[in-house]
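So this block is target19.cif, mmCIF, C-alpha atoms:
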data_query
#
loop_
_atom_site.label_atom_id
_atom_site.label_comp_id
_atom_site.auth_asym_id
_atom_site.auth_seq_id
_atom_site.Cartn_x
_atom_site.Cartn_y
_atom_site.Cartn_z
CA MET Y 1 107.85 -127.61 114.41
CA THR Y 2 109.60 -127.57 111.08
CA GLY Y 3 112.59 -125.30 111.06
CA ALA Y 4 112.91 -125.53 114.86
CA GLU Y 5 116.35 -127.09 114.59
CA ASP Y 6 118.04 -124.17 112.95
CA GLN Y 7 116.21 -121.79 115.26
CA ALA Y 8 117.37 -123.67 118.34
CA GLU Y 9 120.98 -123.44 117.19
CA GLY Y 10 120.46 -119.87 116.11
CA PRO Y 11 120.76 -119.14 112.42
CA ARG Y 12 124.07 -117.77 111.24
CA ALA Y 13 124.08 -114.02 110.92
CA ARG Y 14 123.66 -113.03 107.29
CA PRO Y 15 126.84 -111.94 105.55
CA ASP Y 16 127.26 -108.29 104.53
CA VAL Y 17 128.05 -109.36 100.97
CA VAL Y 18 126.67 -112.31 98.99
CA LEU Y 19 128.24 -113.33 95.67
CA CYS Y 20 125.49 -114.75 93.45
CA PRO Y 21 126.71 -117.48 91.07
CA GLY Y 22 126.60 -116.12 87.52
CA GLY Y 23 125.09 -112.87 88.77
CA PRO Y 24 125.67 -109.77 90.87
CA MET Y 25 127.08 -109.14 94.33
CA LEU Y 26 124.39 -108.42 96.90
CA VAL Y 27 125.35 -105.88 99.56
CA PHE Y 28 123.28 -105.20 102.65
CA GLY Y 29 122.83 -101.79 104.22
CA ASP Y 30 123.79 -98.22 103.54
CA LEU Y 31 127.19 -97.92 101.88
CA VAL Y 32 129.09 -96.14 99.12
CA VAL Y 33 130.41 -97.95 96.05
CA GLU Y 34 133.28 -96.35 94.13
CA ASP Y 35 133.27 -97.38 90.47
CA ALA Y 36 136.27 -97.92 88.19
CA ALA Y 37 136.20 -94.25 87.16
CA GLY Y 38 136.44 -93.18 90.80
CA GLU Y 39 132.84 -91.98 90.94
CA GLN Y 40 130.99 -92.68 94.19
CA HIS Y 41 127.46 -94.12 94.34
CA ARG Y 42 125.52 -94.39 97.60
CA THR Y 43 123.10 -97.31 97.96
CA HIS Y 44 119.46 -96.29 98.20
CA ARG Y 45 117.66 -99.52 99.12
CA PRO Y 46 117.99 -102.01 102.00
CA VAL Y 47 119.76 -104.54 99.78
CA SER Y 48 121.58 -103.59 96.58
CA ALA Y 49 122.97 -105.66 93.71
CA VAL Y 50 126.36 -104.56 92.38
CA CYS Y 51 127.08 -105.55 88.76
CA ARG Y 52 129.81 -108.17 88.32
CA CYS Y 53 129.45 -108.89 84.59
CA GLY Y 54 130.49 -105.39 83.52
CA LYS Y 55 127.60 -105.06 81.05
CA SER Y 56 124.95 -103.35 83.15
CA ALA Y 57 123.38 -100.20 81.71
CA SER Y 58 122.71 -99.07 85.30
CA ALA Y 59 126.28 -99.54 86.56
CA PRO Y 60 127.44 -99.91 89.23
CA TRP Y 61 124.08 -101.56 89.95
CA CYS Y 62 122.95 -104.83 88.35
CA ASP Y 63 120.14 -104.58 85.78
CA GLY Y 64 119.85 -108.27 84.98
CA THR Y 65 121.92 -108.05 81.77
CA HIS Y 66 124.13 -110.99 82.88
CA LYS Y 67 121.20 -113.24 81.96
CA ALA Y 68 121.57 -112.27 78.30
CA LEU Y 69 125.24 -113.36 78.31
CA PRO Y 70 126.49 -116.83 77.40
CA ALA Y 71 127.38 -118.89 80.50
CA LYS Y 72 131.17 -118.56 80.00
CA LEU Y 73 130.96 -114.74 80.02
CA ARG Y 74 129.06 -114.67 83.29
CA PRO Y 75 130.76 -113.83 86.57
CA MET W 1 86.37 -99.83 95.49
CA LEU W 2 82.95 -101.14 94.53
CA THR W 3 82.11 -104.73 93.64
CA PRO W 4 82.64 -105.62 89.96
CA LYS W 5 79.94 -106.44 87.39
CA ALA W 6 78.74 -110.05 87.36
CA ARG W 7 79.91 -112.24 84.48
CA GLY W 8 77.50 -115.14 84.88
CA PRO W 9 75.10 -116.87 87.26
CA LEU W 10 77.67 -117.70 89.93
CA SER W 11 79.20 -114.23 90.20
CA ALA W 12 75.67 -112.74 90.12
CA ALA W 13 74.61 -114.96 93.05
CA LEU W 14 77.83 -114.16 94.89
CA LEU W 15 77.21 -110.42 94.50
CA ASP W 16 73.70 -110.91 95.91
CA ALA W 17 75.23 -112.69 98.90
CA LEU W 18 77.83 -109.93 99.37
CA HIS W 19 75.15 -107.24 99.23
CA GLY W 20 73.09 -109.19 101.77
CA THR W 21 70.08 -109.58 99.51
CA GLU W 22 70.19 -113.37 99.05
CA ARG W 23 71.78 -116.44 100.61
CA PRO W 24 72.20 -118.72 97.57
CA SER W 25 72.80 -122.43 97.82
CA TRP W 26 76.12 -123.12 96.10
CA ASP W 27 75.01 -126.69 95.36
CA ASP W 28 72.66 -125.34 92.69
CA LEU W 29 75.24 -123.09 91.05
CA ALA W 30 78.26 -123.66 88.87
CA PRO W 31 80.43 -121.13 87.10
CA ALA W 32 79.13 -120.62 83.55
CA ASP W 33 82.63 -120.20 82.18
CA GLU W 34 86.17 -119.16 83.01
CA ASP W 35 85.15 -115.50 83.39
CA ASP W 36 82.40 -116.35 85.88
CA LEU W 37 84.77 -118.60 87.85
CA GLN W 38 87.80 -116.30 88.00
CA LEU W 39 85.76 -113.19 88.76
CA SER W 40 83.91 -114.96 91.59
CA LEU W 41 87.12 -116.13 93.20
CA TRP W 42 88.82 -112.76 92.67
CA THR W 43 85.89 -111.03 94.39
CA LEU W 44 86.04 -113.42 97.35
CA TYR W 45 89.79 -112.87 97.75
CA GLU W 46 89.49 -109.09 97.69
CA LEU W 47 87.55 -109.34 100.97
CA SER W 48 90.93 -110.20 102.56
CA PHE W 49 92.72 -107.17 101.09
CA ARG W 50 91.17 -103.69 101.11
CA GLY W 51 87.63 -104.98 100.51
CA PHE W 52 84.68 -103.28 98.84
CA ASP W 53 82.89 -100.11 99.90
CA ASP W 54 79.54 -101.82 99.25
CA VAL W 55 80.24 -105.02 101.25
CA ASP W 56 80.11 -105.59 105.03
CA PRO W 57 83.75 -106.17 106.14
CA ALA W 58 82.59 -108.97 108.47
CA LEU W 59 81.85 -111.14 105.44
CA GLU W 60 85.58 -111.80 105.00
CA TRP W 61 85.21 -114.69 107.47
CA ASP W 62 81.62 -115.69 106.65
CA PRO W 63 81.52 -119.53 106.57
CA HIS W 64 79.00 -119.58 103.72
CA LEU W 65 81.33 -117.50 101.52
CA LEU W 66 84.42 -119.42 102.63
CA ASP W 67 82.59 -122.59 101.57
CA LEU W 68 82.19 -121.18 98.05
CA ARG W 69 85.81 -120.03 98.02
CA ARG W 70 86.96 -123.56 98.85
CA ARG W 71 84.73 -125.05 96.13
CA LEU W 72 86.35 -122.74 93.55
CA GLU W 73 89.89 -123.09 94.85
CA ARG W 74 90.07 -126.88 94.78
CA PRO W 75 89.75 -127.45 91.01
CA LEU W 76 91.93 -124.42 90.25
CA GLU W 77 94.74 -125.62 92.49
CA ALA W 78 94.45 -129.06 90.88
CA ARG W 79 94.67 -127.45 87.42
CA TRP W 80 97.87 -125.58 88.30
CA ARG W 81 99.44 -128.66 89.91
CA GLU W 82 98.62 -130.74 86.87
CA ARG W 83 100.15 -128.22 84.46
CA ALA W 84 103.33 -128.21 86.59
CA ALA W 85 103.41 -131.98 87.09
CA ASP W 86 106.28 -132.71 84.69
CA VAL W 87 108.50 -129.79 85.69
CA GLU W 88 111.85 -130.84 87.06
CA VAL W 89 114.36 -128.69 88.90
CA GLY W 90 117.98 -129.73 89.37
CA GLU W 91 120.27 -129.36 92.37
CA PRO W 92 121.50 -127.22 94.03
CA PHE W 93 117.90 -126.10 94.26
CA ALA W 94 118.46 -122.33 93.97
CA ASP W 95 120.54 -122.79 90.80
CA GLY W 96 117.98 -125.21 89.39
CA LEU W 97 115.14 -122.80 90.13
CA MET W 98 116.99 -119.90 88.46
CA GLN W 99 117.63 -122.14 85.45
CA LEU W 100 113.95 -123.14 85.19
CA ILE W 101 112.99 -119.47 85.10
CA GLU W 102 115.72 -118.50 82.62
CA ASP W 103 114.77 -121.38 80.31
CA ASP W 104 111.23 -120.08 79.95
CA ASP W 105 110.88 -118.89 76.36
CA GLY W 106 107.29 -117.65 76.24
CA PRO W 107 106.22 -114.61 74.22
CA SER W 108 107.26 -111.24 75.68
CA LEU W 109 104.66 -108.48 75.85
CA ALA W 110 107.41 -106.10 77.00
CA ALA W 111 109.32 -106.63 73.74
CA VAL W 112 106.17 -105.79 71.76
CA VAL W 113 105.59 -102.68 73.88
CA GLN W 114 109.19 -101.60 73.32
CA ARG W 115 109.04 -101.90 69.52
CA ASP W 116 105.60 -102.13 67.97
CA ALA W 117 102.62 -101.57 70.25
CA THR W 118 100.38 -98.57 69.65
CA ARG W 119 99.72 -96.07 72.41
CA GLU W 120 96.19 -97.52 72.77
CA GLN W 121 97.59 -101.04 73.16
CA VAL W 122 100.07 -99.88 75.81
CA LEU W 123 97.24 -98.16 77.70
CA GLU W 124 95.15 -101.33 77.43
CA LEU W 125 98.00 -103.42 78.82
CA LEU W 126 98.43 -100.97 81.71
CA ARG W 127 94.73 -101.27 82.55
CA TRP W 128 95.04 -105.07 82.67
CA ARG W 129 98.28 -104.94 84.67
CA SER W 130 96.75 -102.42 87.09
CA VAL W 131 94.65 -105.15 88.71
CA TYR W 132 97.86 -106.44 90.26
CA HIS W 133 100.20 -103.44 90.21
CA LEU W 134 97.77 -101.42 92.36
CA LYS W 135 98.13 -104.07 95.09
CA GLU W 136 101.70 -105.00 94.23
CA ALA W 137 103.50 -107.14 96.84
CA ASP W 138 100.43 -107.39 99.09
CA PRO W 139 99.49 -111.07 98.53
CA THR W 140 103.03 -112.19 99.40
CA SER W 141 102.95 -110.29 102.70
CA PHE W 142 100.48 -112.90 104.00
CA THR W 143 103.30 -115.46 103.71
CA LEU W 144 105.69 -113.59 106.01
CA PRO W 145 104.55 -114.93 109.42
CA ARG W 146 104.57 -118.51 108.13
CA LEU W 147 108.29 -118.89 107.44
CA PRO W 148 111.42 -120.20 109.11
CA VAL W 149 113.87 -117.52 110.20
CA ARG W 150 116.25 -117.25 107.22
CA ALA W 151 113.51 -117.05 104.59
CA GLN W 152 111.52 -114.68 106.80
CA ALA W 153 114.41 -112.24 107.24
CA ALA W 154 115.11 -112.19 103.49
CA LEU W 155 111.42 -111.80 102.56
CA ALA W 156 111.10 -108.94 105.07
CA ALA W 157 114.04 -107.18 103.37
CA LEU W 158 112.45 -107.66 99.95
CA GLN W 159 109.00 -106.51 101.02
CA TYR W 160 110.47 -103.48 102.83
CA ASP W 161 111.89 -102.39 99.48
CA GLU W 162 108.54 -103.07 97.72
CA TYR W 163 106.90 -100.86 100.34
CA GLY W 164 109.29 -97.99 99.60
CA GLY W 165 111.65 -98.53 102.53
CA GLY W 166 109.02 -96.91 104.74
CA ASP W 167 108.57 -93.90 102.42
CA PRO W 168 105.03 -93.74 100.97
CA ALA W 169 106.34 -91.74 98.00
CA ARG W 170 108.50 -94.73 96.96
CA LEU W 171 105.98 -97.48 97.65
CA HIS W 172 105.71 -99.45 94.43
CA ARG W 173 101.93 -99.62 94.12
CA HIS W 174 101.79 -95.90 94.83
CA LEU W 175 104.39 -95.17 92.12
CA PHE W 176 102.20 -97.09 89.68
CA ALA W 177 99.08 -95.19 90.79
CA LEU W 178 100.86 -91.84 90.20
CA GLY W 179 101.91 -92.97 86.72
CA MET W 180 98.37 -94.15 85.91
CA SER W 181 96.95 -90.83 87.01
CA ASP W 182 99.46 -88.83 84.94
CA ALA W 183 98.55 -90.98 81.92
CA GLY W 184 94.88 -90.05 82.34
CA LEU W 185 93.97 -93.49 83.68
CA ARG W 186 92.14 -94.16 86.94
CA PRO W 187 94.60 -94.82 89.78
CA ASP W 188 92.12 -96.38 92.22
CA GLU W 189 92.33 -100.04 93.04
CA GLY W 190 89.99 -102.27 91.06
CA ALA W 191 89.10 -99.47 88.63
CA TYR W 192 89.63 -101.71 85.59
CA VAL W 193 88.58 -105.09 86.93
CA ASP W 194 85.54 -105.11 84.65
CA ASP W 195 87.92 -104.79 81.65
CA ALA W 196 90.26 -107.57 82.79
CA PRO W 197 90.05 -110.89 80.94
CA ALA W 198 89.72 -114.15 82.88
CA ILE W 199 93.42 -114.91 82.44
CA VAL W 200 94.41 -111.69 84.23
CA LEU W 201 92.04 -112.52 87.08
CA GLU W 202 93.54 -116.03 87.18
CA GLN W 203 97.02 -114.50 87.56
CA ASN W 204 95.75 -112.45 90.49
CA ASN W 205 93.93 -115.44 91.98
CA ALA W 206 97.12 -117.51 91.95
CA LEU W 207 98.93 -114.83 93.97
CA SER W 208 96.06 -114.56 96.44
CA MET W 209 95.53 -118.30 96.85
CA PHE W 210 99.24 -118.96 97.41
CA GLY W 211 99.50 -116.02 99.79
CA LEU W 212 96.41 -116.68 101.88
CA HIS W 213 97.04 -120.37 102.61
CA ARG W 214 99.87 -121.20 105.00
CA ARG W 215 99.90 -124.67 103.43
CA LEU W 216 100.87 -123.05 100.11
CA ARG W 217 103.71 -120.85 101.43
CA GLY W 218 106.18 -122.67 99.16
CA ALA W 219 104.06 -121.87 96.10
CA SER W 220 103.76 -118.25 97.20
CA LEU W 221 107.54 -117.88 97.36
CA GLY W 222 108.17 -119.86 94.17
CA HIS W 223 105.73 -117.53 92.42
CA LEU W 224 107.58 -114.54 93.89
CA ALA W 225 110.91 -115.88 92.62
CA ALA W 226 109.63 -116.38 89.06
CA PHE W 227 107.89 -113.00 89.07
CA GLU W 228 110.95 -111.08 90.24
CA ALA W 229 113.36 -113.01 88.02
CA THR W 230 111.36 -112.17 84.89
CA SER W 231 111.05 -108.47 85.66
CA SER W 232 114.34 -106.55 85.30
CA LEU W 233 114.99 -106.87 81.57
CA PRO W 234 111.28 -106.64 80.58
CA SER W 235 110.90 -103.56 82.81
CA ARG W 236 113.60 -101.77 80.82
CA LYS W 237 111.69 -102.61 77.62
CA MET W 238 108.40 -101.43 79.14
CA ALA W 239 109.98 -98.09 80.18
CA SER W 240 111.42 -97.63 76.70
CA GLY W 241 108.09 -98.46 74.99
CA ILE W 242 106.15 -96.14 77.31
CA ARG W 243 108.48 -93.26 76.38
CA ARG W 244 108.30 -94.23 72.67
CA VAL W 245 104.50 -93.80 72.56
CA GLY W 246 104.70 -90.54 74.50
CA LEU W 247 103.17 -91.60 77.80
CA PRO W 248 104.27 -89.69 80.94
CA ASP W 249 107.71 -90.09 82.41
CA SER W 250 106.29 -90.95 85.85
CA LEU W 251 104.83 -94.12 84.33
CA ALA W 252 108.14 -95.02 82.71
CA ALA W 253 109.84 -94.26 86.04
CA TYR W 254 107.78 -96.99 87.72
CA TYR W 255 109.37 -99.48 85.31
CA ASP W 256 112.84 -97.86 85.65
CA GLU W 257 112.60 -98.51 89.39
CA HIS W 258 111.85 -102.19 88.71
CA VAL W 259 114.93 -102.67 86.51
CA GLU W 260 117.21 -102.14 89.47
CA ALA W 261 114.93 -103.24 92.31
CA ASP W 262 114.08 -106.57 90.72
CA ALA W 263 117.71 -107.32 89.86
CA VAL W 264 118.11 -107.36 93.65
CA HIS W 265 114.80 -109.04 94.40
CA GLU W 266 115.36 -111.95 92.02
CA GLN W 267 118.55 -112.93 93.85
CA LEU W 268 116.89 -112.49 97.24
CA ALA W 269 113.82 -114.46 96.16
CA VAL W 270 115.58 -117.35 94.43
CA ARG W 271 118.58 -117.79 96.73
CA LEU W 272 117.92 -116.31 100.17
CA ILE W 273 114.16 -116.95 100.27
CA CYS W 274 113.33 -120.07 98.20
CA GLY W 275 116.80 -121.60 98.56
CA THR W 276 116.81 -121.42 102.36
CA LEU W 277 113.12 -122.34 102.65
CA VAL W 278 113.71 -125.61 100.81
CA GLU W 279 116.78 -126.33 102.97
CA ASP W 280 114.89 -125.64 106.20
CA GLU W 281 111.56 -127.16 105.15
CA PRO W 282 112.31 -129.72 102.39
CA GLU W 283 108.63 -130.64 102.19
CA THR W 284 107.98 -127.28 100.49
CA ARG W 285 110.22 -128.08 97.47
CA THR W 286 107.44 -129.33 95.18
CA ASP W 287 105.23 -126.35 95.97
CA VAL W 288 108.03 -123.84 95.29
CA VAL W 289 108.34 -125.38 91.83
CA VAL W 290 104.55 -125.38 91.31
CA GLY W 291 104.40 -121.71 92.30
CA ALA W 292 107.27 -120.69 90.03
CA PHE W 293 105.92 -122.64 87.07
CA THR W 294 102.38 -121.32 87.59
CA CYS W 295 103.68 -117.75 87.46
CA LEU W 296 105.55 -118.38 84.19
CA ASP W 297 102.72 -120.42 82.67
CA LEU W 298 100.01 -117.85 83.46
CA GLU W 299 102.12 -114.99 82.10
CA ASN W 300 102.74 -116.95 78.90
CA ARG W 301 99.02 -117.69 78.53
CA PHE W 302 98.21 -114.02 79.17
CA ALA W 303 100.81 -112.86 76.61
CA GLU W 304 99.44 -115.28 73.99
CA TRP W 305 95.91 -114.04 74.65
CA ALA W 306 96.92 -110.37 74.41
CA LEU W 307 99.00 -110.83 71.25
CA GLU W 308 96.16 -112.69 69.58
CA ARG W 309 93.77 -109.89 70.48
CA TRP W 310 96.12 -107.21 69.18
CA ALA W 311 96.74 -109.14 65.96
CA ALA W 312 93.02 -109.36 65.21
#

Written as structure tokens, that's how I'd like the structure from this file.
Amino acid sequence: MTGAEDQAEGPRARPDVVLCPGGPMLVFGDLVVEDAAGEQHRTHRPVSAVCRCGKSASAPWCDGTHKALPAKLRP
Amino acid sequence: MLTPKARGPLSAALLDALHGTERPSWDDLAPADEDDLQLSLWTLYELSFRGFDDVDPALEWDPHLLDLRRRLERPLEARWRERAADVEVGEPFADGLMQLIEDDDGPSLAAVVQRDATREQVLELLRWRSVYHLKEADPTSFTLPRLPVRAQAALAALQYDEYGGGDPARLHRHLFALGMSDAGLRPDEGAYVDDAPAIVLEQNNALSMFGLHRRLRGASLGHLAAFEATSSLPSRKMASGIRRVGLPDSLAAYYDEHVEADAVHEQLAVRLICGTLVEDEPETRTDVVVGAFTCLDLENRFAEWALERWAA
């Protein structure tokens, strides 16, 4: 069956954090993010996207604004 | 929900078959037009979701009806493949797919809702959108048991969020239903199907066809990726427009939720779902592209149709 190879070897465990090229940082699970002002924000979904471009209106969470930035200003 | 109103000879014959009053020969029938075609296929697909109160549930797997479904699906699938035939996606695949979606420059209904649309136009758009939003995420759930492990784990995480993380009060289609109700609109599934144009039914039929066929799992996930990756920024505009015309906050809150949720989902869908699927099952690559392009193309055609109607 297709995909059997990676299943036989066992897929790698997923990382806790995934850096998305040009976009946010995905974090898995329940955790608390402290923003630059020292304010704490608890995640409230199974996977969360933390803003890396600094322009999100929903900071510290990503709101997709990085897509409106020119490529050189993206993370 | 009850079966919709017929829109031509084929959908009329189909409704007779669903109500058990006739057993038409499909050889003698063809859809009169796009409305008759899309409504017939939409009705057949709904048998696999929550069905109709006035139809025997056993008909979901009736060979006579499945025969009609196949007759309608074949030319529609060919149409979507043909429209996507020249689309190219670069490598690495996930980056190329994200680029394809970002490069789409079709008209934005959300931008019109944010700035110019009247309250009546916003309500009209919500009635059209309700055909999908009241079953949001459901077609893609059919794809879940058909995937290799990495894509399956990531899709399960995404769908869990769509379904409110196990909390019915946060389930997306339920949030939309609450907003509809507060806005004085009907919150029950299928309530506005009779008002939906053929292009809206075609959008729904693409989701259902891709979801219900294991063979089309790549298209299902490509569609998901394009849908999620064109949602965050437009959702903020929708929320702002809904507040501008004075519709209830609960309806705006549905779109607020999608700003943040879909900023997560687009990364999951493009990178961890479609990206790993194409690595693990390279034969799905073309279909992922077809699914993504079909989502963008249908939304653009719908937006053009709606803007033309509102301009008249």

Return as a tab-separated table the residues of chain Y lying at most 10 Å from chain W, together with the closest atom-to-atom pair for each and the distance in Å to one decimal, counting only C-alpha atoms, with rows in chain order and ascending residue number.
residue	atom	partner	partner_atom	distance
Y:Met1	CA	W:Pro148	CA	9.8
Y:Thr2	CA	W:Glu281	CA	6.3
Y:Gly3	CA	W:Asp280	CA	5.4
Y:Ala4	CA	W:Pro148	CA	8.0
Y:Glu5	CA	W:Asp280	CA	8.6
Y:Asp6	CA	W:Asp280	CA	7.6
Y:Gln7	CA	W:Val149	CA	7.0
Y:Gly10	CA	W:Val149	CA	9.2
Y:Pro11	CA	W:Arg150	CA	7.1
Y:Arg12	CA	W:Arg150	CA	8.8
Y:Ala13	CA	W:Arg150	CA	9.2
Y:Arg14	CA	W:Arg150	CA	8.5
Y:Val18	CA	W:Gln267	CA	9.6
Y:Leu19	CA	W:Gln267	CA	9.9
Y:Cys20	CA	W:Gln267	CA	7.2
Y:Pro21	CA	W:Asp95	CA	8.1
Y:Gly22	CA	W:Asp95	CA	9.6
Y:Gly23	CA	W:Gln267	CA	8.3
Y:Pro24	CA	W:Gln267	CA	8.3
Y:Met25	CA	W:Val264	CA	9.2
Y:Leu26	CA	W:Val264	CA	7.2
Y:Val27	CA	W:Val264	CA	9.5
Y:Phe28	CA	W:Ala157	CA	9.5
Y:His44	CA	W:Gly165	CA	9.2
Y:Arg45	CA	W:Asp161	CA	6.5
Y:Pro46	CA	W:Asp161	CA	6.6
Y:Val47	CA	W:Val264	CA	6.9
Y:Ser48	CA	W:Val264	CA	5.9
Y:Ala49	CA	W:Val264	CA	5.1
Y:Val50	CA	W:Val264	CA	8.8
Y:Cys51	CA	W:Ala263	CA	9.6
Y:Ala57	CA	W:Arg236	CA	9.9
Y:Ser58	CA	W:Glu260	CA	7.6
Y:Ala59	CA	W:Glu260	CA	9.9
Y:Trp61	CA	W:Glu260	CA	6.9
Y:Cys62	CA	W:Ala263	CA	6.0
Y:Asp63	CA	W:Glu260	CA	5.3
Y:Gly64	CA	W:Ala263	CA	5.4
Y:Thr65	CA	W:Leu233	CA	7.0
Y:Lys67	CA	W:Glu102	CA	7.6
Y:Ala68	CA	W:Leu233	CA	9.1

**Request:** Go through W:Asp28, W:Ser220, W:Ala111, W:Leu201 one by one, measure the shortest atom-to-atom distance of each to W:Gly241 using all atoms listed in the file, and give the residue with the smallest value.
**Result:** W:Ala111

**Message:** For a test of reading the model, state the distance in Å between atom CA of W:Leu76 and atom CA of W:Asp297, rounded to one decimal.
**Reply:**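 Taking atom CA of W:Leu76 and atom CA of W:Asp297, their separation equals 13.8 Å.
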
**Message:** Need the shell around Y:Leu31: protein/DNA/RNA residues with any atom at most 9 Å away, counting only C-alpha atoms. Skip same-chain ones fewer than 6 positions apart. Format as a PyMOL selection string?
**Reply:** chain Y and resi 41-44

**Message:** Could you tell me how far atom CA of W:Thr140 sits from atom CA of W:Ala12, in Å to one decimal place?
**Reply:**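 Here the two named atoms are 28.9 Å from each other.
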
**Request:** One decimal, Å: what's the distance from atom CA of W:Ala191 over to atom CA of W:Met1, could you say?
**Result:** 7.4 Å

Quick one: apply the PyMOL selection byres ((chain W and resi 186) around 12) to the file and drop the selected residues here as a short mmCIF file (atom, residue, chain, number, x, y, z; two decimals) with C-alpha atoms, in the coordinates of the input.
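As a result, part16.cif now contains:
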data_model
loop_
_atom_site.label_atom_id
_atom_site.label_comp_id
_atom_site.auth_asym_id
_atom_site.auth_seq_id
_atom_site.Cartn_x
_atom_site.Cartn_y
_atom_site.Cartn_z
CA MET W 1 86.37 -99.83 95.49
CA LEU W 123 97.24 -98.16 77.70
CA LEU W 126 98.43 -100.97 81.71
CA ARG W 127 94.73 -101.27 82.55
CA SER W 130 96.75 -102.42 87.09
CA VAL W 131 94.65 -105.15 88.71
CA LEU W 134 97.77 -101.42 92.36
CA PHE W 176 102.20 -97.09 89.68
CA ALA W 177 99.08 -95.19 90.79
CA LEU W 178 100.86 -91.84 90.20
CA GLY W 179 101.91 -92.97 86.72
CA MET W 180 98.37 -94.15 85.91
CA SER W 181 96.95 -90.83 87.01
CA ASP W 182 99.46 -88.83 84.94
CA ALA W 183 98.55 -90.98 81.92
CA GLY W 184 94.88 -90.05 82.34
CA LEU W 185 93.97 -93.49 83.68
CA PRO W 187 94.60 -94.82 89.78
CA ASP W 188 92.12 -96.38 92.22
CA GLU W 189 92.33 -100.04 93.04
CA GLY W 190 89.99 -102.27 91.06
CA ALA W 191 89.10 -99.47 88.63
CA TYR W 192 89.63 -101.71 85.59
CA VAL W 193 88.58 -105.09 86.93
#

Selection near W:Ser48, 9 Å with all atoms listed in the file, sequence-local residues under 4 positions removed, as a PDB file with C-alpha atoms, keeping the file's coordinate frame:
ATOM      1  CA  LEU W  44      86.040-113.420  97.350  1.00  0.00           C
ATOM      2  CA  PRO W  57      83.750-106.170 106.140  1.00  0.00           C
ATOM      3  CA  GLU W  60      85.580-111.800 105.000  1.00  0.00           C
ATOM      4  CA  TRP W  61      85.210-114.690 107.470  1.00  0.00           C
ATOM      5  CA  LEU W 212      96.410-116.680 101.880  1.00  0.00           C
TER       6      LEU W 212
END

**Request:** Specify as a PyMOL selection string each residue included when the PyMOL selection byres ((chain W and resi 250) around 8) is applied to this file.
**Result:** chain W and resi 175+178-179+182+248-249+251-254
